[in-house]
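Everything below belongs to final.csv, which stores CSV, C-alpha atoms and all ligand atoms.
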chain,number,residue,atom,x,y,z
A,1,MET,CA,-19.4,-20.2,-0.9
A,2,LYS,CA,-18.0,-17.0,-2.4
A,3,ARG,CA,-15.6,-17.4,-5.3
A,4,TYR,CA,-12.7,-15.0,-6.3
A,5,THR,CA,-9.9,-15.2,-8.7
A,6,VAL,CA,-6.6,-13.5,-7.9
A,7,ALA,CA,-3.8,-12.8,-10.4
A,8,LEU,CA,-0.6,-13.7,-8.6
A,9,ILE,CA,2.5,-11.8,-9.7
A,10,LYS,CA,5.4,-13.2,-7.7
A,11,GLY,CA,8.1,-11.1,-9.4
A,12,ASP,CA,11.7,-11.1,-8.4
A,13,GLY,CA,14.0,-11.4,-5.4
A,14,ILE,CA,12.0,-12.2,-2.2
A,15,GLY,CA,8.7,-11.7,-4.2
A,16,PRO,CA,8.1,-15.5,-4.7
A,17,GLU,CA,9.0,-16.3,-1.1
A,18,ILE,CA,6.6,-13.8,0.5
A,19,ILE,CA,3.8,-14.4,-2.0
A,20,ASP,CA,3.8,-18.1,-1.1
A,21,GLU,CA,3.2,-17.2,2.5
A,22,ALA,CA,0.3,-14.9,1.6
A,23,VAL,CA,-1.3,-17.7,-0.3
A,24,LYS,CA,-0.8,-20.0,2.6
A,25,VAL,CA,-2.6,-17.6,4.9
A,26,LEU,CA,-5.4,-17.0,2.3
A,27,ASP,CA,-5.9,-20.7,1.9
A,28,ALA,CA,-6.2,-21.2,5.6
A,29,ILE,CA,-8.8,-18.5,6.1
A,30,SER,CA,-10.7,-19.5,3.0
A,31,VAL,CA,-11.6,-22.8,4.7
A,32,LYS,CA,-12.8,-20.9,7.8
A,33,GLU,CA,-14.7,-18.2,5.9
A,34,ASP,CA,-16.1,-20.5,3.1
A,35,LEU,CA,-14.3,-18.7,0.3
A,36,GLU,CA,-12.8,-20.2,-2.8
A,37,ILE,CA,-9.9,-18.3,-4.1
A,38,THR,CA,-8.4,-19.4,-7.5
A,39,TYR,CA,-5.0,-18.1,-8.4
A,40,LYS,CA,-3.7,-17.3,-11.9
A,41,GLU,CA,0.1,-16.7,-12.1
A,42,ALA,CA,1.5,-13.9,-14.3
A,43,LEU,CA,5.0,-12.7,-15.1
A,44,LEU,CA,6.2,-9.2,-14.4
A,45,GLY,CA,9.6,-7.5,-14.1
A,46,GLY,CA,12.9,-9.3,-14.2
A,47,SER,CA,11.4,-12.8,-14.4
A,48,ALA,CA,9.3,-11.7,-17.4
A,49,ILE,CA,12.4,-10.2,-19.0
A,50,GLU,CA,14.1,-13.6,-18.6
A,51,MET,CA,11.3,-15.7,-19.9
A,52,LYS,CA,9.5,-13.4,-22.4
A,53,GLY,CA,12.0,-10.8,-23.3
A,54,THR,CA,9.8,-7.9,-22.0
A,55,PRO,CA,9.1,-6.6,-18.4
A,56,ILE,CA,5.3,-6.9,-19.1
A,57,PRO,CA,4.1,-9.5,-21.5
A,58,PRO,CA,0.6,-8.7,-22.9
A,59,GLU,CA,-0.9,-11.8,-21.2
A,60,THR,CA,0.0,-10.3,-17.8
A,61,ILE,CA,-2.3,-7.4,-18.4
A,62,GLU,CA,-5.1,-9.8,-19.6
A,63,ILE,CA,-4.7,-12.0,-16.6
A,64,ALA,CA,-4.7,-9.0,-14.2
A,65,LYS,CA,-7.8,-7.5,-15.8
A,66,SER,CA,-9.7,-10.8,-15.9
A,67,ALA,CA,-9.1,-11.4,-12.2
A,68,ASP,CA,-11.0,-9.9,-9.2
A,69,ALA,CA,-7.7,-8.5,-7.8
A,70,VAL,CA,-4.0,-8.6,-8.3
A,71,LEU,CA,-1.6,-9.7,-5.5
A,72,PHE,CA,1.9,-8.6,-6.3
A,73,GLY,CA,5.2,-9.4,-4.6
A,74,ALA,CA,8.1,-7.2,-5.8
A,75,ILE,CA,10.2,-6.7,-8.8
A,76,GLY,CA,13.7,-5.6,-9.8
A,77,GLY,CA,17.3,-6.5,-9.0
A,78,PRO,CA,20.9,-5.6,-10.0
A,79,LYS,CA,20.8,-8.0,-13.0
A,80,TRP,CA,18.4,-5.7,-14.8
A,81,ASP,CA,19.7,-2.3,-13.5
A,82,ASP,CA,21.7,-1.4,-16.7
A,83,LEU,CA,18.9,-2.0,-19.2
A,84,PRO,CA,17.4,1.0,-21.0
A,85,ARG,CA,14.6,2.6,-19.0
A,86,ASP,CA,11.7,1.3,-21.1
A,87,GLN,CA,13.0,-2.3,-20.8
A,88,ARG,CA,13.6,-2.3,-17.0
A,89,PRO,CA,11.4,-4.2,-14.5
A,90,GLU,CA,10.0,-1.0,-13.0
A,91,THR,CA,8.6,0.0,-16.4
A,92,GLY,CA,6.5,-3.2,-16.3
A,93,LEU,CA,5.0,-2.2,-12.9
A,94,LEU,CA,4.2,1.4,-14.1
A,95,LYS,CA,2.5,0.0,-17.2
A,96,LEU,CA,0.5,-2.4,-15.2
A,97,ARG,CA,-0.7,0.4,-12.8
A,98,LYS,CA,-1.7,2.4,-15.8
A,99,ALA,CA,-3.5,-0.4,-17.5
A,100,LEU,CA,-5.5,-1.1,-14.4
A,101,GLU,CA,-6.3,2.6,-14.0
A,102,VAL,CA,-5.5,2.6,-10.3
A,103,PHE,CA,-5.8,6.2,-9.1
A,104,ALA,CA,-5.7,5.8,-5.4
A,105,ASN,CA,-2.7,4.5,-3.4
A,106,LEU,CA,-3.6,3.4,0.1
A,107,ARG,CA,-0.9,3.0,2.7
A,108,PRO,CA,-2.0,2.1,6.2
A,109,VAL,CA,0.5,2.6,9.0
A,110,ARG,CA,-0.1,0.8,12.2
A,111,VAL,CA,2.3,0.8,15.1
A,112,TYR,CA,2.5,-2.6,16.8
A,113,ASP,CA,3.0,-2.2,20.6
A,114,GLU,CA,5.5,-5.1,20.6
A,115,LEU,CA,7.7,-3.4,18.0
A,116,ILE,CA,7.4,0.1,19.4
A,117,ASN,CA,11.2,0.3,19.8
A,118,ALA,CA,11.7,-0.4,16.1
A,119,SER,CA,10.8,3.2,15.3
A,120,THR,CA,13.3,6.1,15.6
A,121,LEU,CA,10.5,8.1,17.3
A,122,LYS,CA,9.8,8.0,21.0
A,123,PRO,CA,7.4,5.3,22.1
A,124,GLU,CA,5.0,7.7,23.8
A,125,VAL,CA,4.7,9.6,20.5
A,126,ILE,CA,3.8,6.7,18.3
A,127,LYS,CA,2.1,4.3,20.7
A,128,GLY,CA,-1.5,3.6,19.4
A,129,SER,CA,-0.9,5.3,16.0
A,130,ASP,CA,-3.2,3.9,13.3
A,131,LEU,CA,-3.6,5.9,10.2
A,132,ILE,CA,-3.9,5.5,6.4
A,133,VAL,CA,-2.5,7.8,3.7
A,134,VAL,CA,-4.7,7.9,0.6
A,135,ARG,CA,-2.6,9.4,-2.2
A,136,GLU,CA,-3.8,10.4,-5.6
A,137,LEU,CA,-1.7,8.4,-8.0
A,138,THR,CA,-2.3,9.3,-11.6
A,139,GLY,CA,-2.6,13.1,-11.7
A,140,GLY,CA,-1.0,16.2,-10.3
A,141,LEU,CA,2.6,17.4,-10.7
A,142,TYR,CA,4.0,14.0,-11.9
A,143,PHE,CA,1.7,13.8,-14.9
A,144,GLY,CA,0.8,17.5,-15.7
A,145,GLU,CA,1.5,19.0,-19.1
A,146,PRO,CA,3.3,21.0,-20.3
A,147,ARG,CA,6.6,19.7,-18.9
A,148,GLY,CA,10.1,20.1,-20.2
A,149,TYR,CA,13.8,20.7,-19.8
A,150,GLU,CA,14.9,23.5,-22.1
A,151,GLY,CA,18.5,24.6,-21.7
A,152,GLU,CA,18.6,26.9,-18.7
A,153,LYS,CA,14.9,26.3,-17.8
A,154,ALA,CA,12.9,23.3,-16.7
A,155,PHE,CA,9.2,23.2,-15.8
A,156,ASN,CA,6.4,20.9,-14.6
A,157,THR,CA,2.7,21.6,-14.3
A,158,MET,CA,0.5,20.8,-11.3
A,159,VAL,CA,-3.0,20.3,-12.5
A,160,TYR,CA,-6.1,18.6,-11.1
A,161,THR,CA,-9.6,18.5,-12.4
A,162,LYS,CA,-12.6,18.4,-10.1
A,163,ASP,CA,-13.4,14.9,-11.3
A,164,GLU,CA,-10.0,13.7,-10.3
A,165,VAL,CA,-10.3,15.2,-6.9
A,166,ARG,CA,-13.9,14.1,-6.4
A,167,ARG,CA,-13.1,10.4,-7.0
A,168,ILE,CA,-10.1,10.3,-4.7
A,169,ALA,CA,-11.9,12.3,-2.0
A,170,LYS,CA,-14.8,9.9,-2.3
A,171,LYS,CA,-12.5,6.9,-1.7
A,172,ALA,CA,-11.0,8.6,1.3
A,173,PHE,CA,-14.4,9.3,2.9
A,174,GLU,CA,-15.6,5.7,2.2
A,175,ILE,CA,-12.5,4.3,3.8
A,176,ALA,CA,-13.0,6.7,6.8
A,177,MET,CA,-16.5,5.3,7.2
A,178,LYS,CA,-15.0,1.9,7.9
A,179,ARG,CA,-12.5,3.4,10.4
A,180,ASN,CA,-12.7,6.3,12.9
A,181,LYS,CA,-14.6,8.6,10.6
A,182,LYS,CA,-12.1,11.4,10.4
A,183,VAL,CA,-10.5,12.7,7.2
A,184,THR,CA,-7.6,15.2,7.0
A,185,SER,CA,-7.2,16.7,3.6
A,186,VAL,CA,-3.7,17.9,3.0
A,187,ASP,CA,-2.9,20.7,0.5
A,188,LYS,CA,-1.2,24.0,0.0
A,189,ALA,CA,-4.2,26.2,-0.5
A,190,ASN,CA,-2.5,29.3,0.9
A,191,VAL,CA,-0.2,29.3,-2.1
A,192,LEU,CA,-1.6,27.1,-4.9
A,193,GLU,CA,-4.7,27.5,-7.0
A,194,VAL,CA,-4.7,23.8,-7.6
A,195,SER,CA,-4.9,23.3,-3.9
A,196,GLN,CA,-7.8,25.7,-3.6
A,197,LEU,CA,-9.8,23.6,-6.2
A,198,TRP,CA,-8.7,20.5,-4.2
A,199,ARG,CA,-10.1,22.0,-1.0
A,200,ASP,CA,-13.3,23.3,-2.5
A,201,THR,CA,-14.0,19.9,-4.1
A,202,VAL,CA,-13.2,17.9,-1.0
A,203,ASN,CA,-15.7,20.2,0.9
A,204,GLU,CA,-18.3,19.4,-1.7
A,205,VAL,CA,-17.8,15.6,-1.4
A,206,ALA,CA,-17.9,16.0,2.4
A,207,GLN,CA,-21.6,17.0,2.1
A,208,GLU,CA,-22.3,13.4,1.1
A,209,PHE,CA,-20.7,12.1,4.3
A,210,PRO,CA,-22.2,14.0,7.2
A,211,GLU,CA,-20.9,11.5,9.7
A,212,ILE,CA,-17.2,12.2,8.8
A,213,THR,CA,-15.2,14.9,10.6
A,214,LEU,CA,-13.2,16.7,7.9
A,215,GLU,CA,-10.2,19.0,8.6
A,216,HIS,CA,-7.9,20.7,6.1
A,217,MET,CA,-4.2,21.0,6.8
A,218,TYR,CA,-1.3,22.6,4.9
A,219,VAL,CA,1.3,20.1,3.8
A,220,ASP,CA,4.1,21.7,5.7
A,221,ASN,CA,2.1,21.5,8.9
A,222,ALA,CA,1.1,17.9,8.1
A,223,ALA,CA,4.7,16.9,7.7
A,224,MET,CA,5.4,18.3,11.2
A,225,GLN,CA,2.2,16.9,12.8
A,226,LEU,CA,3.0,13.4,11.5
A,227,VAL,CA,6.1,13.2,13.7
A,228,ARG,CA,4.8,15.4,16.5
A,229,ASP,CA,1.5,13.7,17.2
A,230,PRO,CA,0.6,11.0,14.6
A,231,LYS,CA,-2.3,9.7,16.8
A,232,GLN,CA,-4.4,12.7,15.7
A,233,PHE,CA,-4.8,11.2,12.2
A,234,ASP,CA,-7.2,8.6,10.9
A,235,VAL,CA,-7.4,9.1,7.1
A,236,ILE,CA,-5.1,11.5,5.3
A,237,VAL,CA,-6.1,12.3,1.7
A,238,THR,CA,-3.7,14.2,-0.5
A,239,GLY,CA,-2.4,14.8,-4.1
A,240,ASN,CA,0.3,12.9,-5.8
A,241,ILE,CA,3.5,14.7,-4.8
A,242,PHE,CA,2.4,15.5,-1.3
A,243,GLY,CA,1.2,11.9,-0.8
A,244,ASP,CA,4.5,10.5,-2.1
A,245,ILE,CA,6.5,12.4,0.5
A,246,LEU,CA,4.0,12.1,3.4
A,247,SER,CA,3.5,8.3,2.9
A,248,ASP,CA,7.2,7.7,3.2
A,249,GLU,CA,7.4,9.8,6.2
A,250,ALA,CA,4.4,8.0,7.8
A,251,SER,CA,5.9,4.6,7.0
A,252,MET,CA,8.8,5.4,9.4
A,253,LEU,CA,6.4,5.5,12.3
A,254,SER,CA,6.4,1.8,12.3
A,255,GLY,CA,10.1,1.5,11.9
A,256,SER,CA,10.3,-1.7,9.7
A,257,ILE,CA,9.8,-1.8,6.0
A,258,GLY,CA,8.9,-5.5,6.1
A,259,LEU,CA,5.6,-4.8,7.9
A,260,LEU,CA,3.8,-2.3,5.7
A,261,PRO,CA,1.2,-3.2,3.1
A,262,SER,CA,-0.3,-1.1,0.4
A,263,ALA,CA,-3.0,-1.1,-2.2
A,264,SER,CA,-3.5,0.8,-5.4
A,265,ILE,CA,-7.1,0.9,-6.4
A,266,GLY,CA,-9.4,2.4,-9.0
A,267,GLU,CA,-13.1,2.2,-9.9
A,268,LYS,CA,-12.7,-1.4,-11.0
A,269,TYR,CA,-9.3,-3.0,-10.4
A,270,GLY,CA,-7.0,-3.3,-7.4
A,271,LEU,CA,-3.3,-4.1,-7.0
A,272,TYR,CA,-2.1,-5.2,-3.5
A,273,GLU,CA,1.6,-5.1,-2.7
A,274,PRO,CA,4.0,-4.6,0.2
A,275,ILE,CA,5.7,-1.1,0.2
A,276,HIS,CA,9.2,-2.7,0.1
A,277,GLY,CA,11.1,-3.8,-3.0
A,278,SER,CA,12.5,-7.2,-4.0
A,279,ALA,CA,15.3,-7.1,-1.4
A,280,PRO,CA,17.9,-9.0,-3.6
A,281,ASP,CA,20.4,-8.9,-0.7
A,282,ILE,CA,18.4,-11.4,1.3
A,283,ALA,CA,16.5,-13.3,-1.5
A,284,GLY,CA,16.5,-17.1,-1.4
A,285,GLN,CA,17.7,-17.2,2.2
A,286,GLY,CA,14.3,-17.8,3.9
A,287,ILE,CA,14.8,-14.7,6.1
A,288,ALA,CA,12.5,-12.2,4.5
A,289,ASN,CA,9.6,-10.8,6.6
A,290,PRO,CA,6.3,-11.9,4.9
A,291,ILE,CA,4.1,-9.7,7.1
A,292,ALA,CA,3.9,-6.7,4.7
A,293,MET,CA,2.8,-9.1,1.9
A,294,ILE,CA,0.3,-11.0,4.1
A,295,ALA,CA,-1.1,-7.7,5.4
A,296,SER,CA,-1.5,-6.7,1.7
A,297,ALA,CA,-3.6,-9.8,1.1
A,298,ALA,CA,-5.7,-8.7,4.1
A,299,MET,CA,-6.2,-5.3,2.4
A,300,MET,CA,-7.3,-7.1,-0.7
A,301,LEU,CA,-10.0,-9.0,1.2
A,302,LYS,CA,-11.2,-5.9,2.9
A,303,TYR,CA,-11.1,-3.3,0.1
A,304,GLN,CA,-11.6,-5.4,-3.0
A,305,PHE,CA,-13.8,-8.2,-1.8
A,306,GLY,CA,-15.5,-6.6,1.2
A,307,GLU,CA,-14.5,-9.7,3.3
A,308,GLU,CA,-13.9,-7.7,6.4
A,309,ARG,CA,-14.1,-10.5,8.8
A,310,ALA,CA,-11.6,-12.6,6.9
A,311,ALA,CA,-9.3,-9.5,6.7
A,312,ASN,CA,-9.6,-9.0,10.5
A,313,ARG,CA,-8.7,-12.6,11.1
A,314,ILE,CA,-5.4,-12.0,9.3
A,315,GLU,CA,-4.7,-8.7,11.1
A,316,GLU,CA,-5.4,-10.2,14.5
A,317,ALA,CA,-3.2,-13.2,13.7
A,318,ILE,CA,-0.3,-10.8,12.8
A,319,LYS,CA,-0.7,-9.0,16.1
A,320,LYS,CA,-0.8,-12.3,17.9
A,321,VAL,CA,2.5,-13.7,16.4
A,322,LEU,CA,4.2,-10.5,17.3
A,323,LYS,CA,2.7,-10.5,20.8
A,324,GLU,CA,4.0,-14.0,21.3
A,325,GLY,CA,7.5,-12.9,20.4
A,326,TYR,CA,8.0,-14.6,17.0
A,327,ARG,CA,10.2,-12.4,14.8
A,328,THR,CA,11.9,-12.7,11.4
A,329,ARG,CA,15.5,-11.6,11.4
A,330,ASP,CA,14.8,-7.9,10.4
A,331,ILE,CA,12.8,-7.3,13.6
A,332,ALA,CA,14.7,-9.8,15.8
A,333,ALA,CA,16.3,-7.0,17.9
A,334,PHE,CA,12.9,-6.1,19.3
A,335,ASP,CA,11.9,-8.5,22.1
A,336,ALA,CA,12.3,-11.7,20.1
A,337,LYS,CA,11.4,-14.9,22.0
A,338,GLU,CA,12.1,-16.9,18.8
A,339,VAL,CA,13.6,-16.0,15.5
A,340,VAL,CA,11.7,-17.7,12.7
A,341,THR,CA,12.1,-18.2,8.9
A,342,THR,CA,9.8,-16.6,6.3
A,343,SER,CA,7.9,-19.9,5.9
A,344,GLU,CA,7.6,-20.4,9.7
A,345,MET,CA,6.2,-16.9,10.1
A,346,GLY,CA,3.6,-17.6,7.3
A,347,SER,CA,2.6,-20.9,8.9
A,348,LEU,CA,2.1,-19.3,12.3
A,349,ILE,CA,0.0,-16.5,10.9
A,350,ALA,CA,-2.1,-19.0,8.9
A,351,GLN,CA,-2.6,-21.2,12.0
A,352,TYR,CA,-3.6,-18.3,14.2
A,353,ALA,CA,-5.8,-16.7,11.6
A,354,SER,CA,-7.8,-20.0,11.3
A,355,GLU,CA,-8.0,-20.5,15.1
A,356,LEU,CA,-9.4,-17.0,15.8
A,401,LIG,P1,14.1,-2.9,-0.8
A,401,LIG,O1,12.9,-2.4,-0.2
A,401,LIG,O2,14.1,-4.1,-1.7
A,401,LIG,O3,15.2,-3.2,0.3
A,401,LIG,C1,15.7,-2.2,1.2
A,401,LIG,C2,16.2,-2.9,2.5
A,401,LIG,O4,15.2,-3.5,3.2
A,401,LIG,C3,17.1,-4.1,2.1
A,401,LIG,O5,18.2,-4.2,3.1
A,401,LIG,C4,16.3,-5.3,2.3
A,401,LIG,O6,16.9,-6.5,2.6
A,401,LIG,C5,15.3,-4.9,3.4
A,401,LIG,N1,13.9,-5.5,3.2
A,401,LIG,C6,13.0,-5.1,2.3
A,401,LIG,N2,11.9,-5.9,2.4
A,401,LIG,C7,12.2,-6.7,3.4
A,401,LIG,C8,11.4,-7.8,4.0
A,401,LIG,N3,10.2,-8.1,3.6
A,401,LIG,N4,12.0,-8.5,5.1
A,401,LIG,C9,13.2,-8.1,5.5
A,401,LIG,N5,14.0,-7.1,5.0
A,401,LIG,C10,13.4,-6.5,3.9
A,401,LIG,O7,14.7,-1.6,-1.6
A,401,LIG,P2,16.0,-1.5,-2.5
A,401,LIG,O8,17.1,-2.3,-2.0
A,401,LIG,O9,16.2,0.0,-2.7
A,401,LIG,O10,15.6,-2.1,-3.9
A,401,LIG,C11,15.8,-3.4,-4.3
A,401,LIG,C12,15.2,-3.7,-5.7
A,401,LIG,O11,13.7,-3.6,-5.5
A,401,LIG,C13,15.5,-2.7,-6.7
A,401,LIG,O12,15.7,-3.3,-8.0
A,401,LIG,C14,14.3,-1.7,-6.8
A,401,LIG,O13,14.2,-1.1,-8.0
A,401,LIG,C15,13.2,-2.7,-6.5
A,401,LIG,N6,12.0,-2.1,-5.9
A,401,LIG,C16,10.8,-2.6,-6.3
A,401,LIG,C17,9.6,-2.1,-5.7
A,401,LIG,C18,8.4,-2.8,-6.1
A,401,LIG,O14,8.4,-3.9,-6.7
A,401,LIG,N7,7.2,-2.2,-5.9
A,401,LIG,C19,9.6,-1.1,-4.8
A,401,LIG,C20,10.9,-0.6,-4.4
A,401,LIG,C21,12.1,-1.1,-5.0

Mind turning the file's structure into structure tokens?
Amino acid sequence: MKRYTVALIKGDGIGPEIIDEAVKVLDAISVKEDLEITYKEALLGGSAIEMKGTPIPPETIEIAKSADAVLFGAIGGPKWDDLPRDQRPETGLLKLRKALEVFANLRPVRVYDELINASTLKPEVIKGSDLIVVRELTGGLYFGEPRGYEGEKAFNTMVYTKDEVRRIAKKAFEIAMKRNKKVTSVDKANVLEVSQLWRDTVNEVAQEFPEITLEHMYVDNAAMQLVRDPKQFDVIVTGNIFGDILSDEASMLSGSIGLLPSASIGEKYGLYEPIHGSAPDIAGQGIANPIAMIASAAMMLKYQFGEERAANRIEEAIKKVLKEGYRTRDIAAFDAKEVVTTSEMGSLIAQYASEL
């Protein structure tokens, strides 16, 4: 039996509701796959402000670092919106990401055939799309120095070192080895020196992965290609600001925010979370879609624990519930046979995942 500990950060709004469903599914597949997952709860965001007076109590970082992975729901809500920036829930999450040194943000985008009409794009364009954006998360324009706002002038600095590019490129190639073995590196090397260094370094890393097909694409073209022909992509690797924009664009291929998981990983730690927020407008009503959260748990199994078979069980179970026409309210407009609650959706996925 393989044993793992998971730090469980439920957070605010729909966070606790959807995390409970992810745990339900993990427990169900643990029995099948002979895993023992132990959970340690930690506070972050609004709930931490309420109970501990700070968005990130020190013990949360300790729990997160002592676990094998962090599974995180969502944080925030109108109650804490007027607090000073350093006391707001989001500050807690940024500090956690920094403490865990997670430099790669992974956002897979899969288009489920059954929900093809949920996208604003034409079905024939998106059908069969299955890509992942690997975004550098801790460097580039958002962190570069010097930066400042001085009267009539403001400036930021885009800077990358070869080491920073090497480690994110390596992650992207490793991920591509488990997928369709194609990497598209996105930059602006026709204009930016930083991008030229990015491109040179990605080319160097590519030497270690002869099985991977590597292509380079300028970011403006990539933005266009993503909506023109998304099926051409497998793994997209890019810097912080380009990745921020392209991953949001890519998420629209699937059409529903409640379906998309993400992971932020580093050399050691990993934080797995849905891309959506705490959805305070629907919290406590049992109508949130838990699929993004459950798919994030599948990513944890795959990328952190190397439990690919267990992860596949979950992914196949998600496809099956959608195929059978079960829908939470957010996706009810798309060929629903039965509209189910958050908890019913979790139970169905847990059941199918253990039957497969
Ligand atoms: P949101 O993602 O929470 O919600 C946007 C819309 O999508 C809402 O109508 C919501 O009901 C819906 N939605 C989101 N997730 C859903 C799900 N699983 N099932 C069904 N519907 C879902 O974004 P927002 O409204 O801009 O932000 C709400 C709060 O969340 C804010 O406090 C914001 O700061 C915070 N937030 C947190 C994170 C995070 O924890 N990582 C990310 C984004 C926003």

Within 7 Å of ligand LIG 401 (chain A): each chain A residue with its shortest pair, all atoms listed in the file, as JSON lines:
{"residue": "A:Gly73", "atom": "CA", "partner": "A:LIG401", "partner_atom": "O14", "distance": 6.7}
{"residue": "A:Ala74", "atom": "CA", "partner": "A:LIG401", "partner_atom": "O14", "distance": 3.4}
{"residue": "A:Ile75", "atom": "CA", "partner": "A:LIG401", "partner_atom": "O14", "distance": 3.9}
{"residue": "A:Gly76", "atom": "CA", "partner": "A:LIG401", "partner_atom": "O12", "distance": 3.5}
{"residue": "A:Gly77", "atom": "CA", "partner": "A:LIG401", "partner_atom": "O12", "distance": 3.7}
{"residue": "A:Pro78", "atom": "CA", "partner": "A:LIG401", "partner_atom": "O12", "distance": 6.0}
{"residue": "A:Asp81", "atom": "CA", "partner": "A:LIG401", "partner_atom": "O12", "distance": 6.9}
{"residue": "A:Glu90", "atom": "CA", "partner": "A:LIG401", "partner_atom": "O13", "distance": 6.5}
{"residue": "A:Ile257", "atom": "CA", "partner": "A:LIG401", "partner_atom": "N2", "distance": 5.8}
{"residue": "A:Gly258", "atom": "CA", "partner": "A:LIG401", "partner_atom": "N3", "distance": 3.8}
{"residue": "A:Ile275", "atom": "CA", "partner": "A:LIG401", "partner_atom": "C19", "distance": 6.3}
{"residue": "A:His276", "atom": "CA", "partner": "A:LIG401", "partner_atom": "O1", "distance": 3.7}
{"residue": "A:Gly277", "atom": "CA", "partner": "A:LIG401", "partner_atom": "O2", "distance": 3.3}
{"residue": "A:Ser278", "atom": "CA", "partner": "A:LIG401", "partner_atom": "O11", "distance": 4.1}
{"residue": "A:Ala279", "atom": "CA", "partner": "A:LIG401", "partner_atom": "O2", "distance": 3.2}
{"residue": "A:Pro280", "atom": "CA", "partner": "A:LIG401", "partner_atom": "C11", "distance": 6.0}
{"residue": "A:Asp281", "atom": "CA", "partner": "A:LIG401", "partner_atom": "O6", "distance": 5.4}
{"residue": "A:Ile282", "atom": "CA", "partner": "A:LIG401", "partner_atom": "O6", "distance": 5.3}
{"residue": "A:Ile287", "atom": "CA", "partner": "A:LIG401", "partner_atom": "C9", "distance": 6.8}
{"residue": "A:Ala288", "atom": "CA", "partner": "A:LIG401", "partner_atom": "N4", "distance": 3.8}
{"residue": "A:Asn289", "atom": "CA", "partner": "A:LIG401", "partner_atom": "N4", "distance": 3.6}
{"residue": "A:Pro290", "atom": "CA", "partner": "A:LIG401", "partner_atom": "N3", "distance": 5.6}
{"residue": "A:Ala292", "atom": "CA", "partner": "A:LIG401", "partner_atom": "N3", "distance": 6.5}
{"residue": "A:Asp330", "atom": "CA", "partner": "A:LIG401", "partner_atom": "C9", "distance": 5.2}

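Among the candidate residues A:Ile241, A:Ser347, A:Leu253, A:Thr341, the one lying nearest to Ala118 in chain A is A:Leu253, with distances computed using all atoms listed in the file.
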
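Taking CA of Lys127 in chain A as the reference point, CA of Ile291 in chain A is found at 19.6 Å.
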
Give me, as a list in words, all polymer residues having an atom no more than 12 Å from Glu174 in chain A, counting only C-alpha atoms and skipping those fewer than 6 positions away in the same chain.
Val134, Arg167, Ile168, Asn180, Lys181, Lys182, Val183, Val205, Ala206, Glu208, Phe209, Pro210, Glu211, Ile212, Val235, Val237 and Tyr303 of chain A

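Candidate residues A:Asn117, A:Asn156, A:Gln87, A:Thr213 were compared for distance to Gly45 in chain A, and the nearest is A:Gln87, using only C-alpha atoms.
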
Exercise for review: Give me the residues within 8 Å of range 319-326 of chain A as number ranges by chain, counting all atoms listed in the file and dropping any in the same chain fewer than 2 places off.
Suggested key: A: 112, 114-115, 315-317, 328, 335-340, 345, 348-349, 352

CA of Arg110 in chain A sits from CA of Ala250 in chain A at a separation of 9.6 Å

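Here CA of Ile175 in chain A stands at a distance of 27.1 Å from CA of Pro123 in chain A.
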
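Taking all atoms listed in the file into account, Ile29 in chain A lies nearest to A:Ala353 out of the set A:Phe143, A:Gln232, A:Ala353, A:Arg179.
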
Name the residues in contact with Val194 in chain A at a cut-off of 7 Å, using only C-alpha atoms, excluding same-chain residues fewer than 2 positions from it; report them as a JSON list (two decimals) with C-alpha atoms, in the coordinates of the input.
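For reference, out39.json as written:
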[["chain", "number", "residue", "atom", "x", "y", "z"],
["A", 159, "VAL", "CA", -3.00, 20.30, -12.50],
["A", 160, "TYR", "CA", -6.10, 18.60, -11.10],
["A", 192, "LEU", "CA", -1.60, 27.10, -4.90],
["A", 196, "GLN", "CA", -7.80, 25.70, -3.60],
["A", 197, "LEU", "CA", -9.80, 23.60, -6.20],
["A", 198, "TRP", "CA", -8.70, 20.50, -4.20]]

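Counting only C-alpha atoms, Ala295 in chain A has the following residues at most 8 Å away, ignoring those fewer than 5 positions along the same chain: Leu259, Leu260, Pro261, Pro274, Ile314 and Glu315 of chain A.
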
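All residues of protein, DNA or RNA that reach within 7 Å of Ala311 in chain A, judged by all atoms listed in the file and not counting those fewer than 5 positions away in the chain, are Ala298, Met299, Leu301 and Lys302 of chain A.
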
Across A:Ile14, A:Val25, A:Met217, A:Leu8, the smallest distance to Thr38 in chain A, with all atoms listed in the file counted, is shown by A:Leu8

Output requested as an mmCIF file, in the coordinates of the input - range 80-85 of chain A, filled out with N, CA and C atoms.
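Ended up saving to selection.cif:
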data_model
loop_
_atom_site.group_PDB
_atom_site.id
_atom_site.type_symbol
_atom_site.label_atom_id
_atom_site.label_comp_id
_atom_site.auth_asym_id
_atom_site.auth_seq_id
_atom_site.Cartn_x
_atom_site.Cartn_y
_atom_site.Cartn_z
ATOM 1 N N TRP A 80 19.140 -6.392 -13.773
ATOM 2 C CA TRP A 80 18.400 -5.700 -14.800
ATOM 3 C C TRP A 80 18.611 -4.140 -14.718
ATOM 4 N N ASP A 81 19.509 -3.716 -13.801
ATOM 5 C CA ASP A 81 19.700 -2.300 -13.500
ATOM 6 C C ASP A 81 20.217 -1.484 -14.721
ATOM 7 N N ASP A 82 21.018 -2.147 -15.582
ATOM 8 C CA ASP A 82 21.700 -1.400 -16.700
ATOM 9 C C ASP A 82 20.896 -1.392 -17.963
ATOM 10 N N LEU A 83 19.715 -1.978 -17.961
ATOM 11 C CA LEU A 83 18.900 -2.000 -19.200
ATOM 12 C C LEU A 83 18.364 -0.573 -19.456
ATOM 13 N N PRO A 84 18.056 -0.257 -20.729
ATOM 14 C CA PRO A 84 17.400 1.000 -21.000
ATOM 15 C C PRO A 84 16.096 1.155 -20.228
ATOM 16 N N ARG A 85 15.719 2.386 -19.859
ATOM 17 C CA ARG A 85 14.600 2.600 -19.000
ATOM 18 C C ARG A 85 13.301 1.850 -19.387
#
